[in-house]
Amino acid sequence: MDDAHSDDLTPAPTGGLPHVVIVGAGFGGLACAQALGRHPVRVTVVDRHNYHLFVPLLYQVATAGLSPADIAEPIRKVLRRHPRIDVVMGEVIGVDLSGRRVLLAGSGHIAYDQLVLATGSAYTYFGHDDWAAHAPGLKSIADARAIRARVLRGFEQAEISRDADEQRRLTTTVIVGGGPTGVEMAGAIAELANWSLQRDFRNIDPRTATVLLIEAGPRILPAFPEPLADYSRRKLEKLGVTVRTGAPVEEVREDGVVIAGRLCPANVIVWGAGIKASPAAAWIGVPPDRLGRIAVEADLSVAGIERVYAIGDTALSLDESGQPLPALAQVAKQQGLHLGRHLPLLVGDGKAIPPFRFRNRGNTAVVGRSSAIFDFGGGRQMKGWLAWILWALIHVYLLVSFEKRLLVSAQWLWRWATYQRGARLITWDTPSDSDPRAAPSSQPGSEPKIPDHRRI
Ligand SMILES: Cc1cc2nc3c(=O)[nH]c(=O)nc-3n(C[C@H](O)[C@H](O)[C@H](O)COP(=O)(O)OP(=O)(O)OC[C@H]3O[C@@H](n4cnc5c(N)ncnc54)[C@H](O)[C@@H]3O)c2cc1C
């Protein structure tokens, strides 16, 4: 017994039922818990936050389109219909495999019969961890709020500045990474400046703000077919975004980024260039792959370790042709459902968990007001207005509760009709907090890049 974690936080037993502990209430963990809730097992969900976050719409919080509460739901509320599910808010820092315990920061532990690791991923800075201080990724509510504050504060400061160069710097945003997140951020910031802020300032014209999207590769949206990427580039440029491809960032500094030996001064730098898995592999002592992921078998179990499973971004799961499944909400969710449906049959009747099969629902990104792209695979594509409607419908449908669906739909309709954004408050007040560069949640590492592509 590890004395440092002697406080037993395991919820009270429920009639000798097997106890499944799920670490992480993201897309994978929550889907798994909801499926398990229908079976005679006891479940404990552990997360460092008390809410489930709908990450795909985080960029709208960062660009003042939505408020944090619109895209986050208390985990307890989501799971309250399941009396055999407990929720523990805590930071997991390790796993005691021989004692079958999850170790929490502080002195607590939770005993398990079966363990599901669903702890997601963080941004990686390709060996330049120090860049994280200046260029936060977009992974948490704190990141989004801090970026929003920095963007809006930049316009406020530019309004009272009398120096044209400084005004230009204060209204410049650089987005590193031309994947869907970068494209969506660039389009949304350009719209904010062009339309929402346009008439609100007296000394500056927000429409002259610079939004620069930088991609190291030859084109943006490398995970999409070329015609869709070309369409997106044209759309962004029409919105006033400067797109630079084949432009690797050489340095990220407090005052801007260096590309091709030249400093590009910027007030806000957003990192969207690549991700790495959570450190869960280290907790269970398995060698991670080059992106930090835990290799799992077809049934999502961790090879050689009994009673432990990994799903979502933190797992390396292969498709039928042996290719790694992408880091997508749909993959995590489908894996969580699969495990949640079959794990009770394994522990109850000894029925083996069948191999997981991913069903691709299509790859999408939104490119500003009224336009989006969809790649359904097999040459089937969609772009423009209809794709945008489909994107909006799917995202609303995927939100976790009816209340959020209603709230977000109403705000989107209002915003679409009026061009206004309601969440323009600067609520990141203290001097250190006022700088998103001071509060990135991402934990950079030196691993190479997972392309930021996505499917719904
Ligand atoms: C900006 C952005 C936009 C995206 N857009 C899309 C999209 O449009 N479509 C799509 O399919 N995918 C999208 N993705 C990818 C998608 O968000 C991820 O693939 C998905 O969230 C992975 O789900 P998960 O359950 O593995 O992890 P997550 O959803 O990240 O959840 C992990 C959970 O684990 C918790 N956790 C982590 N470590 C600990 C710990 N030590 N202790 C306790 N709790 C812990 C976290 O708090 C979190 O709740 C996007 C990603 C980003 C960053």
# chains A, B, ... in the order shown; residues from 1 in each chain; ligands from 1
>>> residues_near_ligand(ligand="ligand 1", cutoff="6 Å", atoms="only C-alpha atoms and all ligand atoms", output="ChimeraX atom specification")
/A:23-29,46-49,52,55-56,58,90-93,118-121,138-139,181,312-314,327-330,332,454-456
>>> residues_around(residues="Trp412 of chain A", least_positions_apart="3", cutoff="9 Å", atoms="only C-alpha atoms", output="mmCIF file with N, CA, C and O atoms, in the first residue's frame")
data_model
loop_
_atom_site.group_PDB
_atom_site.id
_atom_site.type_symbol
_atom_site.label_atom_id
_atom_site.label_comp_id
_atom_site.auth_asym_id
_atom_site.auth_seq_id
_atom_site.Cartn_x
_atom_site.Cartn_y
_atom_site.Cartn_z
ATOM 1 N N GLY A 65 -18.265 34.542 -29.667
ATOM 2 C CA GLY A 65 -19.552 34.131 -30.217
ATOM 3 C C GLY A 65 -20.434 33.454 -29.184
ATOM 4 O O GLY A 65 -21.656 33.605 -29.200
ATOM 5 N N LEU A 66 -19.829 32.667 -28.311
ATOM 6 C CA LEU A 66 -20.576 31.955 -27.278
ATOM 7 C C LEU A 66 -19.893 32.180 -25.936
ATOM 8 O O LEU A 66 -18.720 32.557 -25.878
ATOM 9 N N ALA A 392 -23.935 23.206 -38.717
ATOM 10 C CA ALA A 392 -24.618 23.787 -37.553
ATOM 11 C C ALA A 392 -25.581 22.770 -36.927
ATOM 12 O O ALA A 392 -25.604 22.587 -35.704
ATOM 13 N N LEU A 407 -30.102 27.030 -26.420
ATOM 14 C CA LEU A 407 -29.335 28.254 -26.174
ATOM 15 C C LEU A 407 -28.420 28.585 -27.349
ATOM 16 O O LEU A 407 -28.373 29.722 -27.830
ATOM 17 N N VAL A 408 -27.683 27.560 -27.791
ATOM 18 C CA VAL A 408 -26.715 27.797 -28.862
ATOM 19 C C VAL A 408 -27.444 28.113 -30.171
ATOM 20 O O VAL A 408 -27.065 29.052 -30.888
ATOM 21 N N SER A 409 -28.519 27.382 -30.470
ATOM 22 C CA SER A 409 -29.259 27.666 -31.721
ATOM 23 C C SER A 409 -29.768 29.101 -31.725
ATOM 24 O O SER A 409 -29.644 29.814 -32.729
ATOM 25 N N ARG A 415 -27.009 35.904 -34.014
ATOM 26 C CA ARG A 415 -25.725 36.374 -34.521
ATOM 27 C C ARG A 415 -25.742 36.426 -36.043
ATOM 28 O O ARG A 415 -25.210 37.338 -36.661
ATOM 29 N N TRP A 416 -26.358 35.408 -36.625
ATOM 30 C CA TRP A 416 -26.404 35.349 -38.083
ATOM 31 C C TRP A 416 -27.217 36.524 -38.626
ATOM 32 O O TRP A 416 -26.835 37.172 -39.587
ATOM 33 N N ALA A 417 -28.329 36.831 -37.953
ATOM 34 C CA ALA A 417 -29.205 37.896 -38.434
ATOM 35 C C ALA A 417 -28.622 39.283 -38.172
ATOM 36 O O ALA A 417 -28.806 40.198 -38.967
#
>>> closest_residue(among="A:Val366, A:Ala209, A:Leu236, A:Val183", to="Glu166 of chain A", atoms="only C-alpha atoms")
A:Ala209
>>> atom_distance(atom1="atom CA of Pro18 of chain A", atom2="atom CA of Leu337 of chain A")
18.3 Å
>>> residues_around(residues="Ala277 of chain A", least_positions_apart="3", cutoff="10 Å", atoms="only C-alpha atoms", output="list in words")
Thr119, Gly120, Ser121, Ala122, Tyr123, Thr124, Ala280, Ala281, Pro288, Asp289, Arg290, Leu291, Gly292, Arg293, Ile294, Gly312, Asp313, Thr314, Ala315, Leu316, Ala327, Gln443, Gly445, Glu447 and Ile450 of chain A
>>> write_last_selection(atoms="C-alpha atoms", output="short mmCIF file (atom, residue, chain, number, x, y, z; two decimals), in the first residue's frame")
data_model
loop_
_atom_site.label_atom_id
_atom_site.label_comp_id
_atom_site.auth_asym_id
_atom_site.auth_seq_id
_atom_site.Cartn_x
_atom_site.Cartn_y
_atom_site.Cartn_z
CA THR A 119 -7.79 11.46 -20.61
CA GLY A 120 -7.52 13.01 -24.07
CA SER A 121 -4.61 15.04 -25.41
CA ALA A 122 -2.80 18.38 -25.22
CA TYR A 123 -1.01 20.60 -27.75
CA THR A 124 2.59 19.91 -28.63
CA ALA A 280 -1.64 8.08 -19.09
CA ALA A 281 0.86 5.66 -20.71
CA PRO A 288 3.85 5.28 -25.56
CA ASP A 289 3.99 5.59 -29.33
CA ARG A 290 5.73 8.66 -30.78
CA LEU A 291 2.60 10.73 -30.12
CA GLY A 292 2.35 9.65 -26.49
CA ARG A 293 -0.56 7.24 -27.02
CA ILE A 294 -1.26 3.90 -25.39
CA GLY A 312 -10.13 8.44 -27.39
CA ASP A 313 -7.17 10.70 -28.07
CA THR A 314 -5.00 8.97 -25.49
CA ALA A 315 -5.30 5.57 -27.22
CA LEU A 316 -3.54 4.30 -30.34
CA ALA A 327 -7.86 12.07 -32.73
CA GLN A 443 1.25 20.75 -21.83
CA GLY A 445 6.02 18.01 -25.41
CA GLU A 447 6.51 14.67 -29.98
CA ILE A 450 -0.85 14.62 -35.25
#
>>> closest_residue(among="A:Thr418, A:Gln167, A:Ser6, A:Thr172", to="Gly106 of chain A", atoms="only C-alpha atoms")
A:Ser6
>>> select_by_dssp(residues="segment 309-384 of chain A", states="strand (DSSP E or B)", output="list in words")
Tyr309, Ala310, Ala315, Leu316, Leu318, Pro324, Asn363, Thr364, Ala365, Val366, Ala372, Ile373, Phe374, Asp375, Phe376, Gly377, Arg380, Gln381, Met382, Lys383 and Gly384 of chain A
>>> atom_distance(atom1="atom CA of Leu9 of chain A", atom2="atom CA of Ile110 of chain A")
5.2 Å
>>> residues_around(residues="Ile214 of chain A", least_positions_apart="5", cutoff="7 Å", atoms="only C-alpha atoms", output="VMD selection string")
chain A and resid 175 to 178 243 to 245 247
>>> write_last_selection(atoms="all heavy atoms", output="PDB file, in the first residue's frame")
ATOM      1  N   ILE A 175      -2.259  32.961 -36.202  1.00  0.00           N
ATOM      2  CA  ILE A 175      -2.708  31.615 -35.859  1.00  0.00           C
ATOM      3  C   ILE A 175      -1.757  30.628 -36.519  1.00  0.00           C
ATOM      4  O   ILE A 175      -1.576  30.659 -37.739  1.00  0.00           O
ATOM      5  CB  ILE A 175      -4.157  31.394 -36.326  1.00  0.00           C
ATOM      6  CG1 ILE A 175      -5.064  32.371 -35.561  1.00  0.00           C
ATOM      7  CG2 ILE A 175      -4.609  29.964 -36.063  1.00  0.00           C
ATOM      8  CD1 ILE A 175      -6.178  32.906 -36.340  1.00  0.00           C
ATOM      9  N   VAL A 176      -1.150  29.800 -35.696  1.00  0.00           N
ATOM     10  CA  VAL A 176      -0.155  28.862 -36.220  1.00  0.00           C
ATOM     11  C   VAL A 176      -0.824  27.504 -36.415  1.00  0.00           C
ATOM     12  O   VAL A 176      -1.310  26.898 -35.454  1.00  0.00           O
ATOM     13  CB  VAL A 176       1.043  28.729 -35.244  1.00  0.00           C
ATOM     14  CG1 VAL A 176       2.109  27.821 -35.840  1.00  0.00           C
ATOM     15  CG2 VAL A 176       1.609  30.086 -34.875  1.00  0.00           C
ATOM     16  N   GLY A 177      -0.850  27.026 -37.646  1.00  0.00           N
ATOM     17  CA  GLY A 177      -1.457  25.721 -37.931  1.00  0.00           C
ATOM     18  C   GLY A 177      -2.685  25.879 -38.795  1.00  0.00           C
ATOM     19  O   GLY A 177      -3.678  26.474 -38.360  1.00  0.00           O
ATOM     20  N   GLY A 178      -2.625  25.339 -39.998  1.00  0.00           N
ATOM     21  CA  GLY A 178      -3.728  25.504 -40.956  1.00  0.00           C
ATOM     22  C   GLY A 178      -4.686  24.332 -40.964  1.00  0.00           C
ATOM     23  O   GLY A 178      -5.297  24.031 -41.999  1.00  0.00           O
ATOM     24  N   VAL A 243      -3.272  34.199 -45.673  1.00  0.00           N
ATOM     25  CA  VAL A 243      -2.899  32.786 -45.499  1.00  0.00           C
ATOM     26  C   VAL A 243      -1.490  32.597 -46.043  1.00  0.00           C
ATOM     27  O   VAL A 243      -1.224  32.920 -47.201  1.00  0.00           O
ATOM     28  CB  VAL A 243      -3.889  31.865 -46.245  1.00  0.00           C
ATOM     29  CG1 VAL A 243      -3.501  30.404 -46.037  1.00  0.00           C
ATOM     30  CG2 VAL A 243      -5.328  32.117 -45.780  1.00  0.00           C
ATOM     31  N   ARG A 244      -0.600  32.096 -45.194  1.00  0.00           N
ATOM     32  CA  ARG A 244       0.771  31.825 -45.658  1.00  0.00           C
ATOM     33  C   ARG A 244       1.060  30.353 -45.496  1.00  0.00           C
ATOM     34  O   ARG A 244       1.071  29.826 -44.389  1.00  0.00           O
ATOM     35  CB  ARG A 244       1.783  32.653 -44.864  1.00  0.00           C
ATOM     36  CG  ARG A 244       1.789  34.097 -45.288  1.00  0.00           C
ATOM     37  CD  ARG A 244       2.914  34.866 -44.663  1.00  0.00           C
ATOM     38  NE  ARG A 244       4.229  34.407 -45.094  1.00  0.00           N
ATOM     39  CZ  ARG A 244       5.361  34.956 -44.673  1.00  0.00           C
ATOM     40  NH1 ARG A 244       5.332  35.958 -43.814  1.00  0.00           N
ATOM     41  NH2 ARG A 244       6.518  34.498 -45.097  1.00  0.00           N
ATOM     42  N   THR A 245       1.282  29.666 -46.597  1.00  0.00           N
ATOM     43  CA  THR A 245       1.616  28.240 -46.535  1.00  0.00           C
ATOM     44  C   THR A 245       3.112  28.070 -46.810  1.00  0.00           C
ATOM     45  O   THR A 245       3.778  28.998 -47.282  1.00  0.00           O
ATOM     46  CB  THR A 245       0.793  27.453 -47.573  1.00  0.00           C
ATOM     47  OG1 THR A 245       0.879  28.133 -48.821  1.00  0.00           O
ATOM     48  CG2 THR A 245      -0.657  27.328 -47.153  1.00  0.00           C
ATOM     49  N   ALA A 247       5.324  27.975 -44.676  1.00  0.00           N
ATOM     50  CA  ALA A 247       5.969  28.993 -43.828  1.00  0.00           C
ATOM     51  C   ALA A 247       6.136  28.476 -42.395  1.00  0.00           C
ATOM     52  O   ALA A 247       5.337  28.823 -41.528  1.00  0.00           O
ATOM     53  CB  ALA A 247       5.150  30.275 -43.853  1.00  0.00           C
TER      54      ALA A 247
END
>>> select_by_dssp(residues="segment 116-252 of chain A", states="helix (DSSP H, G or I)", output="PyMOL selection string")
chain A and resi 129-133+141-160+164-170+180-196+206-208+226-238
>>> closest_residue(among="A:Pro354, A:Pro180, A:Gly362, A:Ala35", to="Ala229 of chain A", atoms="only C-alpha atoms")
A:Pro180
>>> decode(residues="segment 252-273 of chain A", atoms="N, CA, C and O atoms", output="PDB file, in the first residue's frame")
ATOM      1  N   VAL A 252       8.734  31.654 -31.673  1.00  0.00           N
ATOM      2  CA  VAL A 252       7.563  32.344 -31.127  1.00  0.00           C
ATOM      3  C   VAL A 252       8.064  33.202 -29.982  1.00  0.00           C
ATOM      4  O   VAL A 252       8.712  32.700 -29.060  1.00  0.00           O
ATOM      5  N   ARG A 253       7.806  34.503 -30.062  1.00  0.00           N
ATOM      6  CA  ARG A 253       8.285  35.432 -29.030  1.00  0.00           C
ATOM      7  C   ARG A 253       7.099  36.141 -28.406  1.00  0.00           C
ATOM      8  O   ARG A 253       5.983  36.049 -28.892  1.00  0.00           O
ATOM      9  N   GLU A 254       7.382  36.868 -27.358  1.00  0.00           N
ATOM     10  CA  GLU A 254       6.308  37.594 -26.695  1.00  0.00           C
ATOM     11  C   GLU A 254       5.670  38.615 -27.637  1.00  0.00           C
ATOM     12  O   GLU A 254       4.465  38.849 -27.599  1.00  0.00           O
ATOM     13  N   ASP A 255       6.503  39.208 -28.526  1.00  0.00           N
ATOM     14  CA  ASP A 255       5.994  40.286 -29.371  1.00  0.00           C
ATOM     15  C   ASP A 255       5.646  39.842 -30.785  1.00  0.00           C
ATOM     16  O   ASP A 255       5.356  40.661 -31.644  1.00  0.00           O
ATOM     17  N   GLY A 256       5.702  38.530 -31.054  1.00  0.00           N
ATOM     18  CA  GLY A 256       5.318  38.079 -32.387  1.00  0.00           C
ATOM     19  C   GLY A 256       5.985  36.773 -32.773  1.00  0.00           C
ATOM     20  O   GLY A 256       6.560  36.090 -31.931  1.00  0.00           O
ATOM     21  N   VAL A 257       5.887  36.434 -34.061  1.00  0.00           N
ATOM     22  CA  VAL A 257       6.501  35.187 -34.530  1.00  0.00           C
ATOM     23  C   VAL A 257       7.541  35.504 -35.597  1.00  0.00           C
ATOM     24  O   VAL A 257       7.415  36.492 -36.325  1.00  0.00           O
ATOM     25  N   VAL A 258       8.549  34.645 -35.661  1.00  0.00           N
ATOM     26  CA  VAL A 258       9.580  34.828 -36.686  1.00  0.00           C
ATOM     27  C   VAL A 258       9.342  33.786 -37.778  1.00  0.00           C
ATOM     28  O   VAL A 258       9.268  32.589 -37.514  1.00  0.00           O
ATOM     29  N   ILE A 259       9.178  34.294 -39.003  1.00  0.00           N
ATOM     30  CA  ILE A 259       9.005  33.425 -40.169  1.00  0.00           C
ATOM     31  C   ILE A 259      10.004  33.866 -41.230  1.00  0.00           C
ATOM     32  O   ILE A 259      10.118  35.069 -41.491  1.00  0.00           O
ATOM     33  N   ALA A 260      10.710  32.912 -41.791  1.00  0.00           N
ATOM     34  CA  ALA A 260      11.731  33.199 -42.812  1.00  0.00           C
ATOM     35  C   ALA A 260      12.669  34.317 -42.345  1.00  0.00           C
ATOM     36  O   ALA A 260      12.990  35.235 -43.103  1.00  0.00           O
ATOM     37  N   GLY A 261      13.043  34.251 -41.072  1.00  0.00           N
ATOM     38  CA  GLY A 261      14.027  35.192 -40.531  1.00  0.00           C
ATOM     39  C   GLY A 261      13.473  36.564 -40.191  1.00  0.00           C
ATOM     40  O   GLY A 261      14.213  37.444 -39.734  1.00  0.00           O
ATOM     41  N   ARG A 262      12.186  36.776 -40.423  1.00  0.00           N
ATOM     42  CA  ARG A 262      11.613  38.115 -40.159  1.00  0.00           C
ATOM     43  C   ARG A 262      10.571  38.063 -39.068  1.00  0.00           C
ATOM     44  O   ARG A 262       9.726  37.160 -39.031  1.00  0.00           O
ATOM     45  N   LEU A 263      10.631  39.062 -38.186  1.00  0.00           N
ATOM     46  CA  LEU A 263       9.639  39.121 -37.103  1.00  0.00           C
ATOM     47  C   LEU A 263       8.323  39.665 -37.647  1.00  0.00           C
ATOM     48  O   LEU A 263       8.293  40.698 -38.312  1.00  0.00           O
ATOM     49  N   CYS A 264       7.266  38.949 -37.312  1.00  0.00           N
ATOM     50  CA  CYS A 264       5.931  39.453 -37.646  1.00  0.00           C
ATOM     51  C   CYS A 264       5.300  39.871 -36.319  1.00  0.00           C
ATOM     52  O   CYS A 264       4.880  39.013 -35.536  1.00  0.00           O
ATOM     53  N   PRO A 265       5.251  41.174 -36.003  1.00  0.00           N
ATOM     54  CA  PRO A 265       4.733  41.598 -34.698  1.00  0.00           C
ATOM     55  C   PRO A 265       3.256  41.226 -34.541  1.00  0.00           C
ATOM     56  O   PRO A 265       2.479  41.364 -35.485  1.00  0.00           O
ATOM     57  N   ALA A 266       2.904  40.737 -33.365  1.00  0.00           N
ATOM     58  CA  ALA A 266       1.503  40.337 -33.138  1.00  0.00           C
ATOM     59  C   ALA A 266       1.161  40.487 -31.670  1.00  0.00           C
ATOM     60  O   ALA A 266       2.017  40.326 -30.793  1.00  0.00           O
ATOM     61  N   ASN A 267      -0.084  40.781 -31.417  1.00  0.00           N
ATOM     62  CA  ASN A 267      -0.576  40.887 -30.041  1.00  0.00           C
ATOM     63  C   ASN A 267      -1.052  39.531 -29.533  1.00  0.00           C
ATOM     64  O   ASN A 267      -0.877  39.185 -28.379  1.00  0.00           O
ATOM     65  N   VAL A 268      -1.677  38.776 -30.401  1.00  0.00           N
ATOM     66  CA  VAL A 268      -2.198  37.461 -30.015  1.00  0.00           C
ATOM     67  C   VAL A 268      -1.607  36.404 -30.939  1.00  0.00           C
ATOM     68  O   VAL A 268      -1.614  36.564 -32.159  1.00  0.00           O
ATOM     69  N   ILE A 269      -1.097  35.338 -30.324  1.00  0.00           N
ATOM     70  CA  ILE A 269      -0.609  34.199 -31.113  1.00  0.00           C
ATOM     71  C   ILE A 269      -1.365  32.975 -30.592  1.00  0.00           C
ATOM     72  O   ILE A 269      -1.393  32.725 -29.385  1.00  0.00           O
ATOM     73  N   VAL A 270      -1.997  32.273 -31.499  1.00  0.00           N
ATOM     74  CA  VAL A 270      -2.769  31.082 -31.101  1.00  0.00           C
ATOM     75  C   VAL A 270      -2.109  29.865 -31.736  1.00  0.00           C
ATOM     76  O   VAL A 270      -1.802  29.868 -32.935  1.00  0.00           O
ATOM     77  N   TRP A 271      -1.900  28.834 -30.940  1.00  0.00           N
ATOM     78  CA  TRP A 271      -1.231  27.638 -31.426  1.00  0.00           C
ATOM     79  C   TRP A 271      -2.260  26.562 -31.760  1.00  0.00           C
ATOM     80  O   TRP A 271      -3.060  26.175 -30.901  1.00  0.00           O
ATOM     81  N   GLY A 272      -2.220  26.080 -32.984  1.00  0.00           N
ATOM     82  CA  GLY A 272      -3.158  25.009 -33.347  1.00  0.00           C
ATOM     83  C   GLY A 272      -2.455  24.010 -34.240  1.00  0.00           C
ATOM     84  O   GLY A 272      -3.024  23.513 -35.194  1.00  0.00           O
ATOM     85  N   ALA A 273      -1.202  23.714 -33.910  1.00  0.00           N
ATOM     86  CA  ALA A 273      -0.373  23.000 -34.892  1.00  0.00           C
ATOM     87  C   ALA A 273      -0.224  21.502 -34.671  1.00  0.00           C
ATOM     88  O   ALA A 273       0.186  20.798 -35.570  1.00  0.00           O
TER      89      ALA A 273
END
